[in-house]
$ cat entry-v8.cif   # mmCIF, C-alpha atoms and all ligand atoms
data_data
loop_
_atom_site.label_atom_id
_atom_site.label_comp_id
_atom_site.auth_asym_id
_atom_site.auth_seq_id
_atom_site.Cartn_x
_atom_site.Cartn_y
_atom_site.Cartn_z
CA MET A 205 -0.58 29.63 39.85
CA ARG A 206 -2.92 32.33 41.08
CA ALA A 207 -3.75 33.82 44.47
CA ILE A 208 -6.63 36.02 45.57
CA ILE A 209 -5.51 38.28 48.39
CA ILE A 210 -8.06 40.04 50.58
CA GLY A 211 -6.62 43.30 51.94
CA SER A 212 -3.92 45.64 50.64
CA GLY A 213 -2.22 46.34 53.96
CA ILE A 214 1.40 45.42 54.62
CA ALA A 215 0.63 41.67 54.71
CA GLY A 216 -1.44 41.61 51.51
CA LEU A 217 0.96 43.72 49.47
CA ALA A 218 4.00 41.83 50.74
CA ALA A 219 2.32 38.54 49.76
CA ALA A 220 1.56 39.86 46.26
CA LEU A 221 5.16 40.97 45.80
CA ARG A 222 6.69 37.76 47.15
CA LEU A 223 4.35 35.55 45.10
CA SER A 224 5.21 37.48 41.93
CA GLN A 225 8.85 36.66 42.64
CA ILE A 226 8.03 32.93 42.37
CA GLY A 227 5.92 33.36 39.25
CA TRP A 228 2.40 33.57 40.74
CA ASP A 229 -0.30 36.02 39.64
CA SER A 230 -2.33 37.83 42.29
CA LEU A 231 -5.64 39.64 42.49
CA ILE A 232 -5.86 41.94 45.52
CA ILE A 233 -9.29 42.86 46.86
CA GLU A 234 -9.38 46.00 49.03
CA ARG A 235 -12.43 47.29 50.85
CA ALA A 236 -11.22 50.92 51.01
CA PRO A 237 -12.04 53.11 48.01
CA LYS A 238 -8.38 54.06 47.52
CA ARG A 239 -4.94 53.48 48.98
CA ARG A 240 -4.54 54.44 52.62
CA SER A 241 -1.60 56.63 53.58
CA GLY A 242 0.10 57.79 56.77
CA GLY A 243 -1.09 55.77 59.72
CA TYR A 244 1.41 55.67 62.55
CA GLY A 245 5.10 55.10 63.15
CA VAL A 246 6.24 51.52 63.56
CA SER A 247 9.58 50.05 64.46
CA PHE A 248 10.41 47.55 61.72
CA GLY A 249 13.07 44.94 62.38
CA GLY A 250 13.64 41.23 63.03
CA ILE A 251 12.34 38.80 60.44
CA GLY A 252 10.67 41.67 58.58
CA TYR A 253 13.99 43.45 58.04
CA ASP A 254 15.67 40.22 56.85
CA ALA A 255 12.74 39.50 54.51
CA ALA A 256 12.76 43.04 53.13
CA GLU A 257 16.43 42.59 52.28
CA ARG A 258 15.76 39.28 50.48
CA MET A 259 12.75 40.74 48.64
CA GLY A 260 14.81 43.71 47.39
CA ILE A 261 12.84 46.49 49.12
CA LEU A 262 15.25 47.35 51.94
CA PRO A 263 16.91 50.35 50.21
CA ASP A 264 13.47 51.90 49.49
CA LEU A 265 12.36 51.35 53.08
CA LEU A 266 15.57 52.81 54.50
CA GLN A 267 15.10 55.87 52.31
CA ARG A 268 11.74 56.53 53.98
CA ALA A 269 12.77 55.60 57.54
CA PHE A 270 12.83 58.44 60.04
CA VAL A 271 15.12 59.27 62.92
CA THR A 272 13.89 60.64 66.23
CA GLU A 273 16.21 63.41 67.41
CA GLU A 274 14.89 63.40 70.96
CA LEU A 275 12.28 61.48 72.91
CA VAL A 276 11.00 63.69 75.71
CA TYR A 277 8.97 62.29 78.61
CA HIS A 278 6.72 64.91 80.20
CA LYS A 279 5.13 65.24 83.61
CA PRO A 280 1.32 65.62 83.76
CA ASN A 281 1.79 69.41 84.11
CA GLY A 282 3.74 69.45 80.82
CA GLU A 283 7.22 69.99 82.32
CA ARG A 284 10.04 67.81 81.00
CA SER A 285 10.68 64.71 83.10
CA PHE A 286 13.59 63.09 81.25
CA THR A 287 14.91 62.86 77.70
CA LEU A 288 16.44 60.16 75.52
CA THR A 289 18.83 61.36 72.81
CA ARG A 290 19.00 60.15 69.23
CA GLU A 291 21.98 57.90 70.08
CA THR A 292 20.27 56.33 73.10
CA ILE A 293 17.09 55.69 71.10
CA ALA A 294 19.15 53.98 68.39
CA ALA A 295 20.93 51.90 71.04
CA THR A 296 17.64 50.77 72.64
CA MET A 297 16.28 49.78 69.21
CA GLY A 298 19.34 47.73 68.34
CA PRO A 299 20.79 47.04 64.89
CA ARG A 300 18.78 46.20 61.75
CA THR A 301 15.66 48.01 62.94
CA MET A 302 14.17 51.22 61.55
CA ASN A 303 11.37 53.60 62.46
CA ILE A 304 9.02 54.12 59.56
CA LEU A 305 5.41 55.12 58.94
CA ARG A 306 3.11 52.17 58.32
CA GLY A 307 1.83 53.95 55.21
CA ASP A 308 5.37 54.26 53.86
CA ILE A 309 5.94 50.49 54.12
CA GLU A 310 2.69 50.03 52.17
CA THR A 311 3.78 52.58 49.53
CA VAL A 312 7.11 50.81 48.96
CA LEU A 313 5.35 47.44 48.63
CA TYR A 314 2.58 48.86 46.44
CA ASP A 315 5.03 50.50 44.03
CA LYS A 316 6.68 47.10 43.47
CA ALA A 317 3.58 44.88 43.58
CA ARG A 318 1.34 46.89 41.24
CA ASP A 319 3.34 45.92 38.14
CA THR A 320 2.31 42.31 38.54
CA ALA A 321 -0.82 42.25 40.73
CA GLU A 322 -4.29 43.54 39.89
CA ILE A 323 -5.83 45.60 42.72
CA ARG A 324 -9.59 46.08 42.97
CA PHE A 325 -10.63 48.81 45.42
CA ALA A 326 -14.02 49.36 47.10
CA THR A 327 -14.64 45.62 46.97
CA THR A 328 -14.89 42.92 49.60
CA ILE A 329 -15.32 39.19 49.94
CA THR A 330 -18.86 37.83 50.48
CA ALA A 331 -18.55 34.03 50.10
CA VAL A 332 -15.94 31.29 49.72
CA ASP A 333 -16.16 27.77 48.40
CA GLN A 334 -13.33 25.32 47.67
CA ASP A 335 -12.71 21.91 46.12
CA ALA A 336 -9.71 19.81 45.13
CA GLN A 337 -9.00 21.98 42.07
CA ALA A 338 -9.50 25.57 43.22
CA VAL A 339 -10.95 28.07 45.66
CA HIS A 340 -13.95 30.07 44.43
CA VAL A 341 -14.48 33.54 45.88
CA THR A 342 -17.62 35.66 45.50
CA LEU A 343 -17.04 39.40 45.71
CA SER A 344 -19.26 42.32 46.65
CA ASP A 345 -19.28 43.56 43.02
CA GLY A 346 -21.15 40.36 42.11
CA SER A 347 -18.22 38.67 40.37
CA THR A 348 -16.74 35.26 41.20
CA GLU A 349 -13.01 34.65 41.03
CA HIS A 350 -11.11 31.35 41.06
CA ALA A 351 -7.59 30.71 42.32
CA ASP A 352 -5.19 28.13 43.73
CA LEU A 353 -4.93 29.97 47.05
CA LEU A 354 -7.01 32.53 48.96
CA ILE A 355 -5.03 34.71 51.38
CA GLY A 356 -7.02 36.53 54.06
CA ALA A 357 -4.80 39.53 54.82
CA ASP A 358 -7.71 41.69 55.93
CA GLY A 359 -6.50 42.62 59.40
CA LEU A 360 -7.72 42.26 62.96
CA HIS A 361 -11.43 42.08 62.04
CA SER A 362 -10.86 39.78 59.05
CA ALA A 363 -13.94 38.93 56.97
CA THR A 364 -12.07 35.98 55.44
CA ARG A 365 -11.50 34.54 58.91
CA ALA A 366 -15.17 34.99 59.80
CA LEU A 367 -16.31 33.28 56.57
CA VAL A 368 -13.91 30.32 56.63
CA PHE A 369 -12.60 29.84 60.19
CA GLY A 370 -15.51 31.04 62.35
CA PRO A 371 -16.79 34.05 64.29
CA GLU A 372 -14.42 36.76 65.49
CA GLU A 373 -15.18 36.20 69.17
CA ASP A 374 -13.61 32.71 68.93
CA TYR A 375 -10.26 34.29 67.97
CA LEU A 376 -9.91 37.72 69.59
CA LEU A 377 -8.18 38.11 72.95
CA ASP A 378 -8.93 41.58 74.34
CA LEU A 379 -5.87 43.07 76.08
CA GLU A 380 -8.09 45.63 77.83
CA HIS A 381 -6.69 48.77 76.21
CA ARG A 382 -7.74 51.07 73.40
CA VAL A 383 -5.59 52.91 70.91
CA ALA A 384 -6.22 55.91 68.68
CA VAL A 385 -3.79 57.27 66.10
CA TYR A 386 -4.03 59.94 63.42
CA MET A 387 -1.83 62.27 61.40
CA LEU A 388 -1.59 65.86 62.61
CA ASP A 389 -1.58 68.72 60.13
CA LYS A 390 0.29 70.91 62.63
CA ARG A 391 2.98 70.10 65.18
CA PRO A 392 2.27 71.74 68.54
CA ALA A 393 4.62 74.72 68.78
CA SER A 394 6.13 73.60 72.09
CA ILE A 395 7.45 70.38 70.52
CA ALA A 396 10.68 70.91 68.57
CA PRO A 397 10.98 69.54 65.01
CA GLY A 398 12.24 65.94 65.03
CA THR A 399 11.21 65.52 68.66
CA THR A 400 8.72 63.00 69.96
CA GLY A 401 6.99 64.08 73.16
CA THR A 402 5.09 61.71 75.43
CA LEU A 403 3.21 61.77 78.71
CA SER A 404 1.80 58.94 80.79
CA ALA A 405 -0.60 59.42 83.71
CA GLY A 406 -3.45 57.54 85.36
CA GLY A 407 -3.45 54.55 82.99
CA ARG A 408 -3.25 56.76 79.90
CA THR A 409 -0.44 57.51 77.46
CA VAL A 410 -0.39 60.20 74.83
CA ALA A 411 2.38 61.04 72.37
CA VAL A 412 3.13 63.34 69.48
CA ILE A 413 5.42 61.30 67.26
CA SER A 414 7.74 63.04 64.83
CA ALA A 415 7.67 60.84 61.70
CA GLY A 416 10.14 62.62 59.40
CA ASP A 417 9.56 65.09 56.53
CA GLY A 418 7.70 67.38 58.94
CA ARG A 419 4.99 64.76 59.51
CA ASN A 420 3.58 64.19 62.99
CA VAL A 421 1.34 61.50 64.41
CA ALA A 422 -0.97 61.77 67.43
CA PHE A 423 -1.03 58.63 69.56
CA PHE A 424 -3.39 57.79 72.44
CA GLY A 425 -3.28 54.47 74.32
CA TYR A 426 -5.22 53.79 77.50
CA ARG A 427 -6.35 51.05 79.80
CA THR A 428 -10.08 50.20 79.69
CA THR A 429 -12.49 47.32 79.47
CA ARG A 430 -15.32 49.54 78.31
CA GLY A 431 -16.38 50.75 74.88
CA HIS A 432 -17.54 49.34 71.59
CA ARG A 433 -15.98 49.08 68.16
CA GLY A 434 -18.18 51.75 66.60
CA ASP A 435 -17.51 54.42 69.27
CA ASP A 436 -16.67 57.88 67.95
CA PRO A 437 -13.12 58.90 68.96
CA ALA A 438 -14.12 62.58 68.78
CA THR A 439 -16.47 61.92 71.70
CA VAL A 440 -14.48 59.32 73.64
CA LEU A 441 -10.95 60.78 73.61
CA PRO A 442 -11.87 64.19 75.11
CA GLN A 443 -13.74 62.33 77.87
CA VAL A 444 -10.71 60.13 78.65
CA TYR A 445 -7.96 62.78 78.27
CA GLY A 446 -9.87 66.00 78.97
CA ASP A 447 -8.36 66.54 82.44
CA LEU A 448 -4.77 66.44 81.14
CA GLY A 449 -3.05 69.61 79.95
CA TRP A 450 0.27 69.88 78.09
CA VAL A 451 -0.40 69.86 74.30
CA ILE A 452 -3.40 67.53 74.58
CA PRO A 453 -6.19 70.06 73.86
CA GLU A 454 -4.31 71.17 70.72
CA VAL A 455 -3.74 67.58 69.60
CA LEU A 456 -7.39 66.65 70.20
CA ALA A 457 -8.47 69.68 68.16
CA GLY A 458 -6.31 68.36 65.29
CA MET A 459 -8.55 65.27 65.06
CA ALA A 460 -11.24 67.34 63.30
CA ARG A 461 -8.79 68.18 60.48
CA THR A 462 -7.37 64.71 59.80
CA ASP A 463 -8.37 62.30 57.00
CA SER A 464 -8.96 59.27 59.17
CA VAL A 465 -8.57 58.11 62.76
CA TYR A 466 -7.56 54.57 63.68
CA PHE A 467 -9.47 53.77 66.88
CA ASP A 468 -9.80 50.22 68.15
CA THR A 469 -9.32 47.87 71.06
CA ILE A 470 -5.86 46.37 71.51
CA SER A 471 -6.61 42.71 70.84
CA GLN A 472 -4.59 39.70 69.83
CA VAL A 473 -5.74 37.08 67.34
CA VAL A 474 -5.07 33.59 68.65
CA ALA A 475 -5.81 30.90 66.03
CA PRO A 476 -4.82 27.24 66.38
CA THR A 477 -4.28 26.99 62.62
CA TRP A 478 -3.75 29.55 59.87
CA SER A 479 -4.88 27.42 56.96
CA HIS A 480 -8.05 25.66 55.95
CA GLY A 481 -7.52 23.79 52.67
CA ARG A 482 -6.79 26.42 50.05
CA VAL A 483 -7.50 29.35 52.39
CA ILE A 484 -4.88 30.91 54.65
CA LEU A 485 -4.74 33.88 56.99
CA LEU A 486 -1.72 36.20 56.99
CA GLY A 487 -0.67 39.16 59.13
CA ASP A 488 -2.96 40.60 61.79
CA ALA A 489 -5.87 38.48 60.48
CA ALA A 490 -3.93 35.37 61.52
CA TRP A 491 -1.88 36.33 64.56
CA CYS A 492 -2.20 40.01 65.54
CA VAL A 493 0.47 40.44 68.24
CA THR A 494 -0.58 44.08 68.98
CA LEU A 495 1.45 47.26 69.31
CA PHE A 496 2.55 46.01 72.75
CA ALA A 497 4.84 43.57 70.93
CA GLY A 498 5.92 46.19 68.32
CA TYR A 499 6.38 43.47 65.73
CA GLY A 500 3.20 43.12 63.62
CA SER A 501 4.56 44.74 60.47
CA ALA A 502 7.74 42.67 60.76
CA LEU A 503 5.67 39.48 60.99
CA ALA A 504 3.47 40.57 58.07
CA VAL A 505 6.47 40.97 55.74
CA GLY A 506 8.43 38.05 57.22
CA GLY A 507 5.34 35.80 57.06
CA ALA A 508 4.69 36.69 53.41
CA ASP A 509 8.31 36.08 52.49
CA ARG A 510 8.36 32.65 54.12
CA LEU A 511 5.06 31.73 52.49
CA GLY A 512 6.65 32.38 49.08
CA THR A 513 9.71 30.36 50.04
CA GLU A 514 7.67 27.32 51.11
CA LEU A 515 5.37 27.46 48.07
CA GLU A 516 8.46 27.47 45.87
CA ARG A 517 10.02 24.62 47.85
CA HIS A 518 6.90 22.40 47.53
CA PRO A 519 5.67 22.83 43.95
CA GLY A 520 2.29 21.15 43.41
CA ASP A 521 1.94 20.23 47.10
CA LEU A 522 -0.02 23.01 48.77
CA PRO A 523 -0.70 21.13 52.06
CA ALA A 524 3.02 20.41 52.54
CA ALA A 525 3.95 24.03 51.75
CA LEU A 526 1.38 25.46 54.16
CA ALA A 527 2.31 23.02 56.94
CA ALA A 528 6.01 23.90 56.58
CA TRP A 529 5.20 27.64 56.51
CA GLU A 530 3.16 27.47 59.68
CA ALA A 531 5.66 25.25 61.52
CA GLU A 532 8.46 27.68 60.73
CA LEU A 533 6.61 30.83 61.68
CA ARG A 534 4.61 29.81 64.72
CA PRO A 535 7.42 29.86 67.34
CA GLU A 536 8.22 33.49 66.46
CA VAL A 537 4.54 34.46 66.62
CA ASP A 538 4.04 32.66 69.95
CA LYS A 539 7.07 34.44 71.42
CA LYS A 540 5.79 37.86 70.36
CA GLN A 541 2.26 37.17 71.56
CA LYS A 542 3.65 36.25 74.98
CA LEU A 543 5.65 39.49 74.96
CA GLY A 544 2.51 41.45 74.05
CA ARG A 545 0.60 39.94 76.97
CA ARG A 546 3.45 40.72 79.37
CA VAL A 547 3.66 44.34 78.21
CA LYS A 548 -0.10 44.70 78.72
CA GLY A 549 0.50 44.38 82.46
CA VAL A 550 3.01 47.23 82.64
CA TYR A 551 1.80 49.56 79.89
CA ALA A 552 0.60 52.95 81.15
CA PRO A 553 -0.05 51.71 84.70
CA ALA A 554 -2.62 53.69 86.68
CA ASN A 555 -0.49 53.47 89.85
CA PRO A 556 2.14 56.31 89.91
CA LEU A 557 4.76 54.17 91.71
CA LEU A 558 4.39 51.38 89.16
CA LEU A 559 4.63 53.97 86.38
CA TRP A 560 7.86 55.30 87.87
CA LEU A 561 9.25 51.74 88.13
CA THR A 562 8.32 50.83 84.55
CA GLN A 563 10.05 53.99 83.34
CA LEU A 564 13.14 53.29 85.46
CA PRO A 565 15.20 51.59 82.69
CA LEU A 566 14.49 54.56 80.40
CA ARG A 567 15.31 57.07 83.14
CA LEU A 568 18.61 55.25 83.67
CA ALA A 569 19.30 55.19 79.94
CA ALA A 570 18.84 58.97 79.95
CA LEU A 571 21.64 59.46 82.51
CA PRO A 572 24.89 60.59 80.84
CA PRO A 573 27.18 57.72 82.05
CA VAL A 574 24.67 55.02 81.05
CA ARG A 575 23.97 56.82 77.79
CA ARG A 576 27.69 56.95 76.98
CA HIS A 577 28.07 53.24 77.76
CA MET A 578 25.05 52.24 75.61
CA THR A 579 26.20 54.37 72.72
CA ARG A 580 29.70 52.83 72.86
CA ARG A 581 28.37 49.31 73.27
CA TYR A 582 25.64 49.31 70.61
CA ILE A 583 26.43 52.00 68.12
CA LYS A 584 30.16 52.38 67.95
CA GLY A 585 30.81 48.69 68.06
C1 LIG B 601 -0.72 52.16 66.94
C2 LIG B 601 -0.02 50.96 66.39
C3 LIG B 601 1.36 50.86 66.52
C4 LIG B 601 2.04 49.78 65.99
N1 LIG B 601 3.40 49.70 66.14
C5 LIG B 601 4.08 48.69 65.55
C6 LIG B 601 5.52 48.62 65.64
O1 LIG B 601 6.18 49.46 66.27
N2 LIG B 601 6.15 47.61 64.98
C7 LIG B 601 5.48 46.69 64.24
O2 LIG B 601 6.11 45.83 63.62
N3 LIG B 601 4.12 46.69 64.19
C8 LIG B 601 3.40 47.67 64.82
N4 LIG B 601 2.04 47.69 64.75
C9 LIG B 601 1.33 46.59 64.07
C10 LIG B 601 1.31 46.72 62.57
O3 LIG B 601 0.94 48.01 62.16
C11 LIG B 601 0.34 45.70 62.03
O4 LIG B 601 0.63 44.44 62.57
C12 LIG B 601 0.43 45.60 60.53
O5 LIG B 601 0.20 46.84 59.91
C13 LIG B 601 -0.62 44.59 60.06
O6 LIG B 601 -0.77 44.62 58.72
P1 LIG B 601 -1.89 43.76 58.02
O7 LIG B 601 -1.69 43.97 56.56
O8 LIG B 601 -1.91 42.38 58.54
O9 LIG B 601 -3.31 44.39 58.48
P2 LIG B 601 -3.94 45.81 58.24
O10 LIG B 601 -2.94 46.90 58.29
O11 LIG B 601 -5.10 45.91 59.16
O12 LIG B 601 -4.48 45.75 56.73
C14 LIG B 601 -5.65 45.10 56.38
C15 LIG B 601 -6.13 45.60 55.02
O13 LIG B 601 -7.29 44.87 54.65
C16 LIG B 601 -8.33 45.76 54.29
N5 LIG B 601 -9.58 45.10 54.66
C17 LIG B 601 -10.09 44.91 55.89
N6 LIG B 601 -11.24 44.24 55.82
C18 LIG B 601 -11.46 43.98 54.51
C19 LIG B 601 -12.48 43.31 53.80
N7 LIG B 601 -13.52 42.76 54.43
N8 LIG B 601 -12.39 43.23 52.45
C20 LIG B 601 -11.33 43.78 51.79
N9 LIG B 601 -10.33 44.43 52.41
C21 LIG B 601 -10.39 44.53 53.76
C22 LIG B 601 -8.05 47.03 55.11
O14 LIG B 601 -8.67 48.17 54.53
C23 LIG B 601 -6.53 47.08 55.04
O15 LIG B 601 -6.07 47.69 53.86
C24 LIG B 601 1.33 48.75 65.32
C25 LIG B 601 -0.07 48.84 65.20
C26 LIG B 601 -0.74 49.92 65.75
C27 LIG B 601 -2.25 49.99 65.64
#
$ encode --input "entry-v8.cif" --output "structure tokens"
Amino acid sequence: MRAIIIGSGIAGLAAALRLSQIGWDSLIIERAPKRRSGGYGVSFGGIGYDAAERMGILPDLLQRAFVTEELVYHKPNGERSFTLTRETIAATMGPRTMNILRGDIETVLYDKARDTAEIRFATTITAVDQDAQAVHVTLSDGSTEHADLLIGADGLHSATRALVFGPEEDYLLDLEHRVAVYMLDKRPASIAPGTTGTLSAGGRTVAVISAGDGRNVAFFGYRTTRGHRGDDPATVLPQVYGDLGWVIPEVLAGMARTDSVYFDTISQVVAPTWSHGRVILLGDAAWCVTLFAGYGSALAVGGADRLGTELERHPGDLPAALAAWEAELRPEVDKKQKLGRRVKGVYAPANPLLLWLTQLPLRLAALPPVRRHMTRRYIKG
């Protein structure tokens, strides 16, 4: 059996690895000229953690996971507001969850998947056709490939979805925020090693995230209904954040020295079905839950794992396998999409009182008696 996978992000690579474990061959088609690295820190848990354990990649992921020593919330003038310690952060995350760079999850998956899957970079999908025997995929290099299954794992703005399921505007739900993230070559001197610093004011959040091994990520998330996909972050971010002090000017200056900036709207993908004959969508292409849910990488790995399980359980019956896969996964996706939409309402509120209220649980967690209780309850047993 053979799959063509569009996209070598977490979902695509996890699918290639899981399918190889049930004896399938895969061809991965990636638009980027080479592997992406870095990205941003994600918290990886839930069904993703369980799947990683079953797929045999958990030890490699844990080796690359990072620990935040301190999470410091700042006031708009840069002064410290309150601080969560390493133990409190671990307690709020709960068990079987790790913080890890998105690029490091991809590296672990890539190192395992590349033995069995062929990866073609700088290539994309241009047309799809299918019949009872196979799916036929035309690629931008002029070649045509045939397979039993086509997996569109090409992210939020999936070309596979546009070709087979319909135009993007039928599927995207804009949560009225934008996000920008990039790796910093230098940590601002006022932020201690291992510390993540964050500030929220006037509907805007900014953070410098310590991501282990001396790596640091700049994060910007703000409320807006304006802007277009092609906007230049080097123009937009100084306009949005220019009035704020703290380390922000230094962090904005770091944008000029970084390899790539992720800058997009925060949008969910809501699709009534994830399969169309021999074509399926996986990961953000199918169900993007957004960073507000903090669960997209978990769903990408968990979704790929369950796809492999159902294909193995229904040999020779693709429709039955895909129906079972979707029925099993959809409740989890629905739950996380609802969570994402709820968080939208309270994320970086413009109103200072609402901001104070949304931070109240964290402020309480920072108080020594609560901190001691949480640490005892969740970490020590
Ligand atoms: C700032 C931020 C914070 C986040 N925090 C968390 C978190 O804490 N926890 C969590 O679990 N999740 C988090 N997420 C979500 C998580 O990162 C994503 O859900 C996950 O990475 C999705 O992986 P994917 O493989 O589906 O898509 P993507 O990562 O978008 O990968 C798609 C791949 O397809 C390629 N591609 C795109 N178009 C084409 C094309 N036409 N042809 C060929 N290739 C193509 C791309 O180059 C890319 O390699 C966060 C996301 C963001 C933006």
$ residues_near_point --input "entry-v8.cif" --point "(5.2, 28.7, 48.5)" --cutoff "10 Å" --atoms "all atoms listed in the file" --output "list of chain:residue names"
A:Arg222, A:Leu223, A:Ile226, A:Trp228, A:Ala508, A:Asp509, A:Arg510, A:Leu511, A:Gly512, A:Thr513, A:Glu514, A:Leu515, A:Glu516, A:Arg517, A:His518, A:Pro519, A:Gly520, A:Asp521, A:Leu522, A:Ala524, A:Ala525, A:Leu526, A:Ala528, A:Trp529
$ closest_residue --input "entry-v8.cif" --among "A:Val410, A:Leu441, A:Val339, A:Val383" --to "Gly481 in chain A" --atoms "all atoms listed in the file"
A:Val339
$ closest_residue --input "entry-v8.cif" --among "A:Ala331, A:Ala393, A:Ala215, A:Val412" --to "ligand LIG 601 (chain B)" --atoms "all atoms listed in the file"
A:Ala215
$ residues_near_ligand --input "entry-v8.cif" --ligand "ligand LIG 601 (chain B)" --cutoff "8 Å" --atoms "all atoms listed in the file" --output "number ranges by chain"
A: 210-217, 233-236, 239-240, 244-249, 252, 303, 306, 326-329, 357-364, 383-385, 423, 466, 468, 470, 486-490, 492-504
$ atom_distance --input "entry-v8.cif" --atom1 "CA of Arg430 in chain A" --atom2 "CA of Phe467 in chain A"
13.5 Å
$ residues_around --input "entry-v8.cif" --residues "Leu388 in chain A" --least-positions-apart "6" --cutoff "12 Å" --atoms "all atoms listed in the file" --output "list in words"
Gly242, Gly243, Tyr244, Ala411, Val412, Ile413, Ser414, Ala415, Gly418, Arg419, Asn420, Val421, Ala422, Phe423, Glu454, Val455, Leu456, Ala457, Gly458, Met459, Ala460, Arg461, Thr462, Asp463, Ser464 and Val465 of chain A
$ write_last_selection --input "entry-v8.cif" --atoms "C-alpha atoms" --output "mmCIF file, in the frame of the given file"
data_model
loop_
_atom_site.group_PDB
_atom_site.id
_atom_site.type_symbol
_atom_site.label_atom_id
_atom_site.label_comp_id
_atom_site.auth_asym_id
_atom_site.auth_seq_id
_atom_site.Cartn_x
_atom_site.Cartn_y
_atom_site.Cartn_z
ATOM 1 C CA GLY A 242 0.100 57.790 56.770
ATOM 2 C CA GLY A 243 -1.090 55.770 59.720
ATOM 3 C CA TYR A 244 1.410 55.670 62.550
ATOM 4 C CA ALA A 411 2.380 61.040 72.370
ATOM 5 C CA VAL A 412 3.130 63.340 69.480
ATOM 6 C CA ILE A 413 5.420 61.300 67.260
ATOM 7 C CA SER A 414 7.740 63.040 64.830
ATOM 8 C CA ALA A 415 7.670 60.840 61.700
ATOM 9 C CA GLY A 418 7.700 67.380 58.940
ATOM 10 C CA ARG A 419 4.990 64.760 59.510
ATOM 11 C CA ASN A 420 3.580 64.190 62.990
ATOM 12 C CA VAL A 421 1.340 61.500 64.410
ATOM 13 C CA ALA A 422 -0.970 61.770 67.430
ATOM 14 C CA PHE A 423 -1.030 58.630 69.560
ATOM 15 C CA GLU A 454 -4.310 71.170 70.720
ATOM 16 C CA VAL A 455 -3.740 67.580 69.600
ATOM 17 C CA LEU A 456 -7.390 66.650 70.200
ATOM 18 C CA ALA A 457 -8.470 69.680 68.160
ATOM 19 C CA GLY A 458 -6.310 68.360 65.290
ATOM 20 C CA MET A 459 -8.550 65.270 65.060
ATOM 21 C CA ALA A 460 -11.240 67.340 63.300
ATOM 22 C CA ARG A 461 -8.790 68.180 60.480
ATOM 23 C CA THR A 462 -7.370 64.710 59.800
ATOM 24 C CA ASP A 463 -8.370 62.300 57.000
ATOM 25 C CA SER A 464 -8.960 59.270 59.170
ATOM 26 C CA VAL A 465 -8.570 58.110 62.760
#
$ closest_atom_pairs --input "entry-v8.cif" --of "range 426-514 of chain A" --to "range 368-373 of chain A" --cutoff "10 Å" --atoms "only C-alpha atoms" --output "tab-separated table"
residue	atom	partner	partner_atom	distance
A:Val473	CA	A:Glu372	CA	8.9
A:Ala475	CA	A:Phe369	CA	9.0
A:Thr477	CA	A:Phe369	CA	9.1
A:Trp478	CA	A:Phe369	CA	8.9
A:Ser479	CA	A:Phe369	CA	8.7
A:His480	CA	A:Phe369	CA	7.5
A:Gly481	CA	A:Val368	CA	10.0
A:Val483	CA	A:Val368	CA	7.7
A:Ile484	CA	A:Val368	CA	9.3
A:Leu485	CA	A:Phe369	CA	9.4
$ atom_distance --input "entry-v8.cif" --atom1 "CA of Trp491 in chain A" --atom2 "CA of Gly549 in chain A"
19.8 Å
$ residues_around --input "entry-v8.cif" --residues "Leu288 in chain A" --least-positions-apart "3" --cutoff "12 Å" --atoms "only C-alpha atoms" --output "ChimeraX atom specification"
/A:272-278,284-285,291-296,399-402,563,565-572,574-576,578-579
$ write_last_selection --input "entry-v8.cif" --atoms "C-alpha atoms" --output "mmCIF file, keeping the file's coordinate frame"
data_model
loop_
_atom_site.group_PDB
_atom_site.id
_atom_site.type_symbol
_atom_site.label_atom_id
_atom_site.label_comp_id
_atom_site.auth_asym_id
_atom_site.auth_seq_id
_atom_site.Cartn_x
_atom_site.Cartn_y
_atom_site.Cartn_z
ATOM 1 C CA THR A 272 13.890 60.640 66.230
ATOM 2 C CA GLU A 273 16.210 63.410 67.410
ATOM 3 C CA GLU A 274 14.890 63.400 70.960
ATOM 4 C CA LEU A 275 12.280 61.480 72.910
ATOM 5 C CA VAL A 276 11.000 63.690 75.710
ATOM 6 C CA TYR A 277 8.970 62.290 78.610
ATOM 7 C CA HIS A 278 6.720 64.910 80.200
ATOM 8 C CA ARG A 284 10.040 67.810 81.000
ATOM 9 C CA SER A 285 10.680 64.710 83.100
ATOM 10 C CA GLU A 291 21.980 57.900 70.080
ATOM 11 C CA THR A 292 20.270 56.330 73.100
ATOM 12 C CA ILE A 293 17.090 55.690 71.100
ATOM 13 C CA ALA A 294 19.150 53.980 68.390
ATOM 14 C CA ALA A 295 20.930 51.900 71.040
ATOM 15 C CA THR A 296 17.640 50.770 72.640
ATOM 16 C CA THR A 399 11.210 65.520 68.660
ATOM 17 C CA THR A 400 8.720 63.000 69.960
ATOM 18 C CA GLY A 401 6.990 64.080 73.160
ATOM 19 C CA THR A 402 5.090 61.710 75.430
ATOM 20 C CA GLN A 563 10.050 53.990 83.340
ATOM 21 C CA PRO A 565 15.200 51.590 82.690
ATOM 22 C CA LEU A 566 14.490 54.560 80.400
ATOM 23 C CA ARG A 567 15.310 57.070 83.140
ATOM 24 C CA LEU A 568 18.610 55.250 83.670
ATOM 25 C CA ALA A 569 19.300 55.190 79.940
ATOM 26 C CA ALA A 570 18.840 58.970 79.950
ATOM 27 C CA LEU A 571 21.640 59.460 82.510
ATOM 28 C CA PRO A 572 24.890 60.590 80.840
ATOM 29 C CA VAL A 574 24.670 55.020 81.050
ATOM 30 C CA ARG A 575 23.970 56.820 77.790
ATOM 31 C CA ARG A 576 27.690 56.950 76.980
ATOM 32 C CA MET A 578 25.050 52.240 75.610
ATOM 33 C CA THR A 579 26.200 54.370 72.720
#
